[in-house]
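This is start.cif. It holds mmCIF, C-alpha atoms (C1' of nucleotides).
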```
data_coords
loop_
_atom_site.label_atom_id
_atom_site.label_comp_id
_atom_site.auth_asym_id
_atom_site.auth_seq_id
_atom_site.Cartn_x
_atom_site.Cartn_y
_atom_site.Cartn_z
CA MET A 1 49.59 -16.32 -15.18
CA LYS A 2 49.89 -19.24 -12.82
CA LEU A 3 51.94 -18.83 -9.65
CA ASN A 4 54.96 -21.16 -9.60
CA GLU A 5 57.23 -22.64 -6.94
CA ASP A 6 59.49 -19.56 -6.86
CA PHE A 7 56.53 -17.52 -5.66
CA PHE A 8 55.92 -19.78 -2.65
CA ASN A 9 59.55 -20.61 -1.91
CA ARG A 10 60.07 -17.47 0.21
CA ASP A 11 59.45 -16.36 3.78
CA CYS A 12 55.73 -16.48 4.65
CA LEU A 13 55.91 -12.80 5.65
CA GLU A 14 56.66 -12.02 1.97
CA VAL A 15 54.28 -14.54 0.44
CA ALA A 16 51.25 -13.61 2.60
CA PRO A 17 50.90 -9.97 1.39
CA ASP A 18 51.75 -11.04 -2.17
CA LEU A 19 48.88 -13.54 -2.17
CA VAL A 20 46.37 -10.78 -1.49
CA GLY A 21 44.69 -9.85 -4.78
CA LYS A 22 45.59 -13.15 -6.49
CA LEU A 23 42.95 -15.44 -7.93
CA ILE A 24 42.06 -18.91 -6.68
CA VAL A 25 40.88 -21.08 -9.57
CA ARG A 26 38.92 -24.25 -8.78
CA LYS A 27 38.00 -26.73 -11.49
CA LEU A 28 35.14 -29.00 -10.51
CA ASP A 29 34.43 -32.54 -11.68
CA ASP A 30 31.80 -31.25 -14.13
CA ASN A 31 34.50 -29.07 -15.77
CA SER A 32 33.03 -25.81 -14.52
CA TYR A 33 35.32 -23.22 -12.94
CA ILE A 34 35.13 -21.08 -9.83
CA LYS A 35 37.39 -18.03 -9.61
CA MET A 36 37.72 -15.95 -6.45
CA ARG A 37 40.07 -13.11 -5.63
CA ILE A 38 41.88 -13.35 -2.30
CA THR A 39 41.24 -10.34 -0.06
CA GLN A 40 42.78 -11.44 3.23
CA THR A 41 45.62 -13.71 4.37
CA GLU A 42 47.51 -14.52 7.56
CA ALA A 43 51.10 -15.72 8.02
CA TYR A 44 52.05 -18.56 10.39
CA ARG A 45 55.79 -18.63 10.76
CA GLY A 46 57.45 -21.81 11.93
CA GLU A 47 58.14 -23.49 15.25
CA ASP A 48 58.95 -20.26 17.10
CA ASP A 49 55.54 -18.75 16.31
CA LYS A 50 53.37 -19.89 19.22
CA ALA A 51 50.24 -19.34 17.14
CA CYS A 52 51.48 -21.73 14.46
CA HIS A 53 50.42 -25.36 14.79
CA ALA A 54 54.04 -26.34 14.13
CA SER A 55 55.13 -24.63 17.38
CA LYS A 56 54.51 -28.09 18.92
CA GLY A 57 57.05 -29.57 16.55
CA LYS A 58 56.60 -32.08 13.77
CA THR A 59 53.59 -34.30 14.42
CA ASN A 60 51.18 -36.31 12.35
CA ARG A 61 49.04 -33.23 11.94
CA THR A 62 51.72 -30.62 11.22
CA GLN A 63 53.96 -32.66 8.94
CA THR A 64 52.23 -31.07 5.94
CA MET A 65 53.71 -27.70 6.91
CA TYR A 66 57.20 -29.20 6.68
CA MET A 67 56.66 -30.15 3.04
CA ALA A 68 57.79 -28.24 -0.04
CA ALA A 69 56.65 -24.71 -0.89
CA GLY A 70 53.25 -24.70 -2.59
CA THR A 71 51.82 -27.66 -0.67
CA ILE A 72 48.20 -27.29 0.44
CA TYR A 73 47.60 -27.61 4.19
CA VAL A 74 43.95 -28.27 5.09
CA TYR A 75 42.86 -29.06 8.61
CA ILE A 76 39.60 -29.30 10.57
CA CYS A 77 38.84 -26.58 13.08
CA TYR A 78 36.26 -26.97 15.86
CA GLY A 79 35.37 -30.35 14.41
CA ILE A 80 33.22 -28.87 11.64
CA HIS A 81 35.19 -26.39 9.52
CA TYR A 82 37.95 -26.84 6.96
CA LEU A 83 40.62 -24.10 6.78
CA MET A 84 43.02 -23.88 3.83
CA ASN A 85 46.66 -22.78 3.93
CA ILE A 86 49.51 -22.72 1.42
CA VAL A 87 52.89 -23.93 2.67
CA THR A 88 55.80 -21.55 2.07
CA GLU A 89 59.61 -21.82 2.31
CA LYS A 90 61.65 -24.86 1.38
CA GLU A 91 61.05 -28.37 2.67
CA GLY A 92 61.82 -28.72 6.37
CA ILE A 93 60.73 -25.20 7.38
CA PRO A 94 57.14 -25.22 8.71
CA GLN A 95 55.59 -22.00 7.45
CA ALA A 96 52.14 -21.47 5.96
CA VAL A 97 49.78 -18.74 4.79
CA LEU A 98 46.11 -19.02 5.75
CA ILE A 99 43.66 -17.96 3.04
CA ARG A 100 41.23 -16.10 5.26
CA CYS A 101 38.87 -14.22 2.94
CA CYS A 102 37.92 -13.89 -0.69
CA GLU A 103 35.79 -11.38 -2.55
CA ASP A 104 32.05 -11.88 -1.86
CA ASN A 105 33.03 -14.15 0.97
CA GLU A 106 33.71 -13.77 4.66
CA GLY A 107 35.61 -16.23 6.79
CA PRO A 108 38.08 -19.04 6.10
CA ALA A 109 35.54 -21.81 6.68
CA LYS A 110 33.02 -20.32 4.25
CA LEU A 111 35.81 -20.02 1.73
CA THR A 112 36.66 -23.72 1.72
CA LYS A 113 32.96 -24.55 1.65
CA SER A 114 32.26 -22.47 -1.46
CA LEU A 115 35.36 -23.87 -3.17
CA PHE A 116 34.47 -27.46 -2.22
CA VAL A 117 37.85 -27.90 -0.56
CA ASP A 118 38.10 -30.63 2.06
CA LYS A 119 40.74 -32.64 3.87
CA SER A 120 41.48 -34.70 0.76
CA PHE A 121 43.42 -31.69 -0.54
CA ASN A 122 45.80 -31.81 2.42
CA GLY A 123 49.34 -32.58 1.24
CA GLU A 124 48.56 -31.88 -2.46
CA SER A 125 50.63 -29.39 -4.42
CA ILE A 126 48.83 -26.24 -5.57
CA ILE A 127 51.48 -25.65 -8.24
CA GLU A 128 50.84 -28.72 -10.36
CA ASN A 129 47.19 -29.51 -9.70
CA SER A 130 44.32 -30.00 -12.14
CA LYS A 131 41.63 -29.17 -9.56
CA ILE A 132 42.90 -26.01 -7.89
CA TRP A 133 45.62 -23.45 -8.51
CA LEU A 134 46.47 -19.76 -8.09
CA GLU A 135 46.78 -17.08 -10.77
CA SER A 136 47.87 -13.47 -11.02
CA ASP A 137 46.05 -11.16 -13.43
CA GLY A 138 48.12 -8.09 -12.68
CA TYR A 139 45.73 -6.63 -10.09
CA LEU A 140 47.63 -4.63 -7.47
CA PRO A 141 45.96 -4.49 -4.06
CA LEU A 142 46.26 -1.73 -1.49
CA ILE A 143 47.19 -3.57 1.67
CA LYS A 144 46.88 -2.83 5.36
CA THR A 145 48.04 -5.08 8.19
CA ALA A 146 46.29 -6.21 11.38
CA THR A 147 46.73 -8.75 14.14
CA ARG A 148 45.75 -12.33 13.54
CA VAL A 149 42.39 -13.73 14.58
CA GLY A 150 41.46 -16.43 17.10
CA ILE A 151 44.89 -17.05 18.61
CA ASP A 152 44.61 -15.60 22.12
CA TYR A 153 46.17 -18.78 23.44
CA ALA A 154 49.50 -17.87 21.77
CA GLY A 155 50.37 -15.20 24.36
CA GLU A 156 50.88 -11.43 24.12
CA GLU A 157 54.02 -11.44 21.98
CA TRP A 158 52.67 -13.62 19.20
CA LYS A 159 49.01 -12.65 19.15
CA ASN A 160 49.99 -9.00 18.59
CA LYS A 161 52.12 -9.65 15.50
CA PRO A 162 50.71 -7.68 12.50
CA TRP A 163 50.73 -10.73 10.28
CA ARG A 164 47.24 -10.39 8.79
CA TYR A 165 47.10 -8.72 5.38
CA ILE A 166 43.91 -7.10 4.10
CA ASP A 167 43.01 -5.53 0.75
CA ILE A 168 41.55 -2.14 1.66
CA ASN A 169 39.51 -1.74 -1.53
CA LEU A 170 37.86 -5.16 -1.53
CA SER A 171 37.16 -5.52 2.18
CA LYS A 172 34.67 -3.62 4.20
"C1'" DT B 173 42.24 -44.93 26.52
"C1'" DC B 174 40.56 -40.39 28.46
"C1'" DT B 175 40.20 -35.49 28.56
"C1'" DC B 176 40.64 -30.88 26.90
"C1'" DC B 177 40.16 -27.59 23.43
"C1'" DG B 178 40.50 -25.24 18.89
"C1'" DA B 179 43.59 -20.23 12.91
"C1'" DT B 180 34.75 -20.74 13.28
"C1'" DT B 181 30.04 -20.02 12.29
"C1'" DC B 182 25.29 -19.65 13.30
"C1'" DA B 183 21.14 -19.38 16.02
"C1'" DC B 184 19.10 -17.39 19.78
"C1'" DT B 185 18.36 -14.05 23.92
"C1'" DG C 186 26.33 -10.80 23.82
"C1'" DT C 187 26.19 -15.85 24.76
"C1'" DG C 188 26.51 -20.60 23.70
"C1'" DA C 189 26.05 -24.87 20.82
"C1'" DA C 190 27.73 -27.79 17.16
"C1'" DT C 191 31.24 -31.61 16.66
"C1'" DC C 192 35.65 -34.38 15.95
"C1'" DG C 193 40.37 -35.25 15.72
"C1'" DG C 194 44.98 -33.76 17.44
"C1'" DA C 195 47.95 -33.57 21.37
"C1'" DG C 196 49.23 -34.68 25.91
"C1'" DA C 197 48.38 -36.94 30.14
"C1'" DA C 198 47.28 -41.27 32.52
#
```
With the file now loaded, output its structure as structure tokens.
Amino acid sequence: MKLNEDFFNRDCLEVAPDLVGKLIVRKLDDNSYIKMRITQTEAYRGEDDKACHASKGKTNRTQTMYMAAGTIYVYICYGIHYLMNIVTEKEGIPQAVLIRCCEDNEGPAKLTKSLFVDKSFNGESIIENSKIWLESDGYLPLIKTATRVGIDYAGEEWKNKPWRYIDINLSK
DNA sequence: TCTCCGATTCACT
DNA sequence: GTGAATCGGAGAA
């Protein structure tokens, strides 16, 4: 079944582990489908979280994170890679969950590449969308936590938060 | 305007 | 293990 707004309208620390094991469904222009199971996510929690882009406040770039739960936040990293997040919590609270890895796939930039996701998806809703959405098929993952990746600039307190969630069975 | 640097990946030593 | 690719956001000038 498709994930609805209630699923995303919670704290990102609840949504992030719950997204592990869910399926991303992508419908392409030629009507073919791609389905991938999420194996790894990371939570970015609002303006206080120094690793979160929104820690700088609301700007042209981060305004997407202030939108309603279930909004897709795509941004360019290092000038060449697209990373995809799902916004959580109600409008006005800048939280997001980064989709980091899927089955048969390593790395958030490879993920968006194989799903043909680019910046045009930024600001779209993933709840009511004919091109991409999320489903649950009842699979229950076994989850372990770890620190987030690539955020050394955020300082000791924030870079050590165990806000990365990994499916033990589907990751190596 | 100008400068610095990133929620990464890949090629090369 | 090291460094290049590559561009737009954010902050300073």
Practice task
Up to 7 Å from chain C, what residues of chain A turn up? Count only C-alpha atoms (C1' of nucleotides) and give them as number ranges by chain.
Solution key: A: 61, 78-80
Output as JSON lines one row per residue of chain B within 12 Å of chain A: the closest atom pair and its distance in Å to one decimal place, counting only C-alpha atoms (C1' of nucleotides), sorted by chain and residue number ascending.
```
{"residue": "B:DC177", "atom": "C1'", "partner": "A:Tyr78", "partner_atom": "CA", "distance": 8.5}
{"residue": "B:DG178", "atom": "C1'", "partner": "A:Tyr78", "partner_atom": "CA", "distance": 5.5}
{"residue": "B:DA179", "atom": "C1'", "partner": "A:Gly150", "partner_atom": "CA", "distance": 6.0}
{"residue": "B:DT180", "atom": "C1'", "partner": "A:Ala109", "partner_atom": "CA", "distance": 6.7}
{"residue": "B:DT181", "atom": "C1'", "partner": "A:Ala109", "partner_atom": "CA", "distance": 8.1}
{"residue": "B:DC182", "atom": "C1'", "partner": "A:Lys110", "partner_atom": "CA", "distance": 11.9}
```
Show me, as lines of an AutoDock Vina configuration file, the centre and edge lengths in Å to one decimal of the axis-aligned box that covers every listed atom of chain B with 8 Å on each side.
```
center_x = 31.0
center_y = -29.5
center_z = 20.4
size_x = 41.2
size_y = 46.9
size_z = 32.3
```
Practice task
Report as a list in words the full result of the PyMOL selection byres ((chain A and resi 49) around 12) when it is applied to this structure.
Solution key: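 Checked against the file, the PyMOL selection byres ((chain A and resi 49) around 12) matches Cys12, Ala43, Tyr44, Arg45, Gly46, Glu47, Asp48, Lys50, Ala51, Cys52, His53, Ala54, Ser55, Lys56, Gly57, Pro94, Gln95, Ala96, Ile151, Tyr153, Ala154, Gly155, Glu156, Glu157, Trp158, Lys159, Asn160, Lys161 and Trp163 of chain A.
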Exercise for the section: Figure out the distance between atom CA of A:Ser120 and atom CA of A:Leu13, please, to one decimal in Å. Expected result: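 Here the two named atoms are 26.7 Å from each other.
Between atom CA of A:Asp11 and atom CA of A:Lys113 there is a distance of 27.8 Å.
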Practice task
Report the residues retrieved by the PyMOL selection byres ((chain A and resi 170) around 12) from the displayed file, expressed as a PyMOL selection string.
Solution key: chain A and resi 20-21+36-40+101-106+139-144+166-169+171-172
For the residues selected in the previous step, produce a file with C-alpha atoms as a short mmCIF file (atom, residue, chain, number, x, y, z; two decimals), in the coordinates of the input.
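Saved file again22.cif follows:
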```cif
data_model
loop_
_atom_site.label_atom_id
_atom_site.label_comp_id
_atom_site.auth_asym_id
_atom_site.auth_seq_id
_atom_site.Cartn_x
_atom_site.Cartn_y
_atom_site.Cartn_z
CA VAL A 20 46.37 -10.78 -1.49
CA GLY A 21 44.69 -9.85 -4.78
CA MET A 36 37.72 -15.95 -6.45
CA ARG A 37 40.07 -13.11 -5.63
CA ILE A 38 41.88 -13.35 -2.30
CA THR A 39 41.24 -10.34 -0.06
CA GLN A 40 42.78 -11.44 3.23
CA CYS A 101 38.87 -14.22 2.94
CA CYS A 102 37.92 -13.89 -0.69
CA GLU A 103 35.79 -11.38 -2.55
CA ASP A 104 32.05 -11.88 -1.86
CA ASN A 105 33.03 -14.15 0.97
CA GLU A 106 33.71 -13.77 4.66
CA TYR A 139 45.73 -6.63 -10.09
CA LEU A 140 47.63 -4.63 -7.47
CA PRO A 141 45.96 -4.49 -4.06
CA LEU A 142 46.26 -1.73 -1.49
CA ILE A 143 47.19 -3.57 1.67
CA LYS A 144 46.88 -2.83 5.36
CA ILE A 166 43.91 -7.10 4.10
CA ASP A 167 43.01 -5.53 0.75
CA ILE A 168 41.55 -2.14 1.66
CA ASN A 169 39.51 -1.74 -1.53
CA SER A 171 37.16 -5.52 2.18
CA LYS A 172 34.67 -3.62 4.20
#
```
Practice task
Take atom CA of A:Glu89 and atom CA of A:Met1 and report the distance between them in Å, one decimal.
Solution key: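 Spanning atom CA of A:Glu89 to atom CA of A:Met1 is a straight-line distance of 20.9 Å.
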For chain B of the block above, can you save N, CA, C and O atoms (P, O5', C5', C4', C3', O3' and C1' of nucleotides) as a compact mmCIF listing (two decimals), in the first residue's frame?
```txt
# COMPACT_ATOMS: atom_id res chain seq x y z
P DT B 173 27.22 42.35 -11.89
O5' DT B 173 27.88 41.16 -11.07
C5' DT B 173 29.15 40.81 -11.40
C4' DT B 173 30.12 41.12 -10.25
C3' DT B 173 31.20 40.04 -10.15
O3' DT B 173 32.45 40.65 -10.17
C1' DT B 173 30.22 40.43 -8.01
P DC B 174 33.74 39.64 -10.41
O5' DC B 174 34.02 39.05 -8.96
C5' DC B 174 34.49 39.92 -7.94
C4' DC B 174 34.95 39.09 -6.75
C3' DC B 174 35.66 37.79 -7.15
O3' DC B 174 36.71 37.55 -6.23
C1' DC B 174 33.78 37.29 -5.84
P DT B 175 37.79 36.34 -6.55
O5' DT B 175 37.83 35.54 -5.17
C5' DT B 175 37.36 36.13 -3.96
C4' DT B 175 36.92 35.05 -3.01
C3' DT B 175 37.58 33.69 -3.26
O3' DT B 175 38.08 33.18 -2.04
C1' DT B 175 35.22 33.45 -3.14
P DC B 176 38.94 31.84 -1.93
O5' DC B 176 37.99 30.92 -1.04
C5' DC B 176 37.28 31.52 0.06
C4' DC B 176 36.28 30.52 0.59
C3' DC B 176 36.77 29.07 0.58
O3' DC B 176 36.40 28.45 1.79
C1' DC B 176 34.75 29.24 -0.64
P DC B 177 37.02 27.00 2.18
O5' DC B 177 35.78 26.05 1.86
C5' DC B 177 34.55 26.26 2.56
C4' DC B 177 33.51 25.34 1.97
C3' DC B 177 34.01 23.91 1.72
O3' DC B 177 32.98 23.00 2.06
C1' DC B 177 33.08 24.75 -0.22
P DG B 178 33.31 21.58 2.75
O5' DG B 178 31.89 20.88 2.60
C5' DG B 178 30.72 21.54 3.06
C4' DG B 178 29.57 21.24 2.12
C3' DG B 178 29.34 19.75 1.88
O3' DG B 178 27.98 19.53 1.59
C1' DG B 178 29.87 20.76 -0.14
P DA B 179 26.92 19.06 2.68
O5' DA B 179 26.78 17.50 2.41
C5' DA B 179 27.60 16.57 3.09
C4' DA B 179 26.93 15.21 3.08
C3' DA B 179 26.51 14.72 1.70
O3' DA B 179 26.48 13.30 1.69
C1' DA B 179 24.59 15.05 3.02
P DT B 180 27.93 12.58 1.18
O5' DT B 180 28.10 13.01 -0.34
C5' DT B 180 27.07 12.74 -1.31
C4' DT B 180 27.69 12.19 -2.57
C3' DT B 180 28.25 10.77 -2.45
O3' DT B 180 27.61 9.95 -3.40
C1' DT B 180 29.80 12.20 -3.55
P DT B 181 27.89 8.37 -3.56
O5' DT B 181 28.90 8.33 -4.78
C5' DT B 181 28.47 8.90 -6.00
C4' DT B 181 29.61 8.95 -7.00
C3' DT B 181 30.30 7.60 -7.22
O3' DT B 181 30.27 7.35 -8.61
C1' DT B 181 31.89 9.32 -6.87
P DC B 182 30.71 5.91 -9.19
O5' DC B 182 32.09 6.26 -9.91
C5' DC B 182 32.15 7.40 -10.77
C4' DC B 182 33.60 7.67 -11.12
C3' DC B 182 34.40 6.38 -11.38
O3' DC B 182 35.17 6.53 -12.55
C1' DC B 182 35.48 7.71 -9.74
P DA B 183 35.93 5.22 -13.18
O5' DA B 183 37.23 5.92 -13.77
C5' DA B 183 37.34 7.34 -13.83
C4' DA B 183 38.77 7.78 -13.55
C3' DA B 183 39.82 6.73 -13.93
O3' DA B 183 40.92 7.37 -14.55
C1' DA B 183 40.04 7.28 -11.64
P DC B 184 42.10 6.48 -15.20
O5' DC B 184 43.35 6.81 -14.29
C5' DC B 184 43.48 8.13 -13.73
C4' DC B 184 44.47 8.12 -12.59
C3' DC B 184 45.61 7.10 -12.76
O3' DC B 184 46.85 7.74 -12.50
C1' DC B 184 44.64 6.89 -10.63
P DT B 185 48.31 6.94 -12.80
O5' DT B 185 49.02 7.04 -11.37
C5' DT B 185 48.87 8.21 -10.56
C4' DT B 185 49.48 7.97 -9.18
C3' DT B 185 50.72 7.08 -9.21
O3' DT B 185 51.69 7.57 -8.30
C1' DT B 185 49.10 6.17 -7.75
```
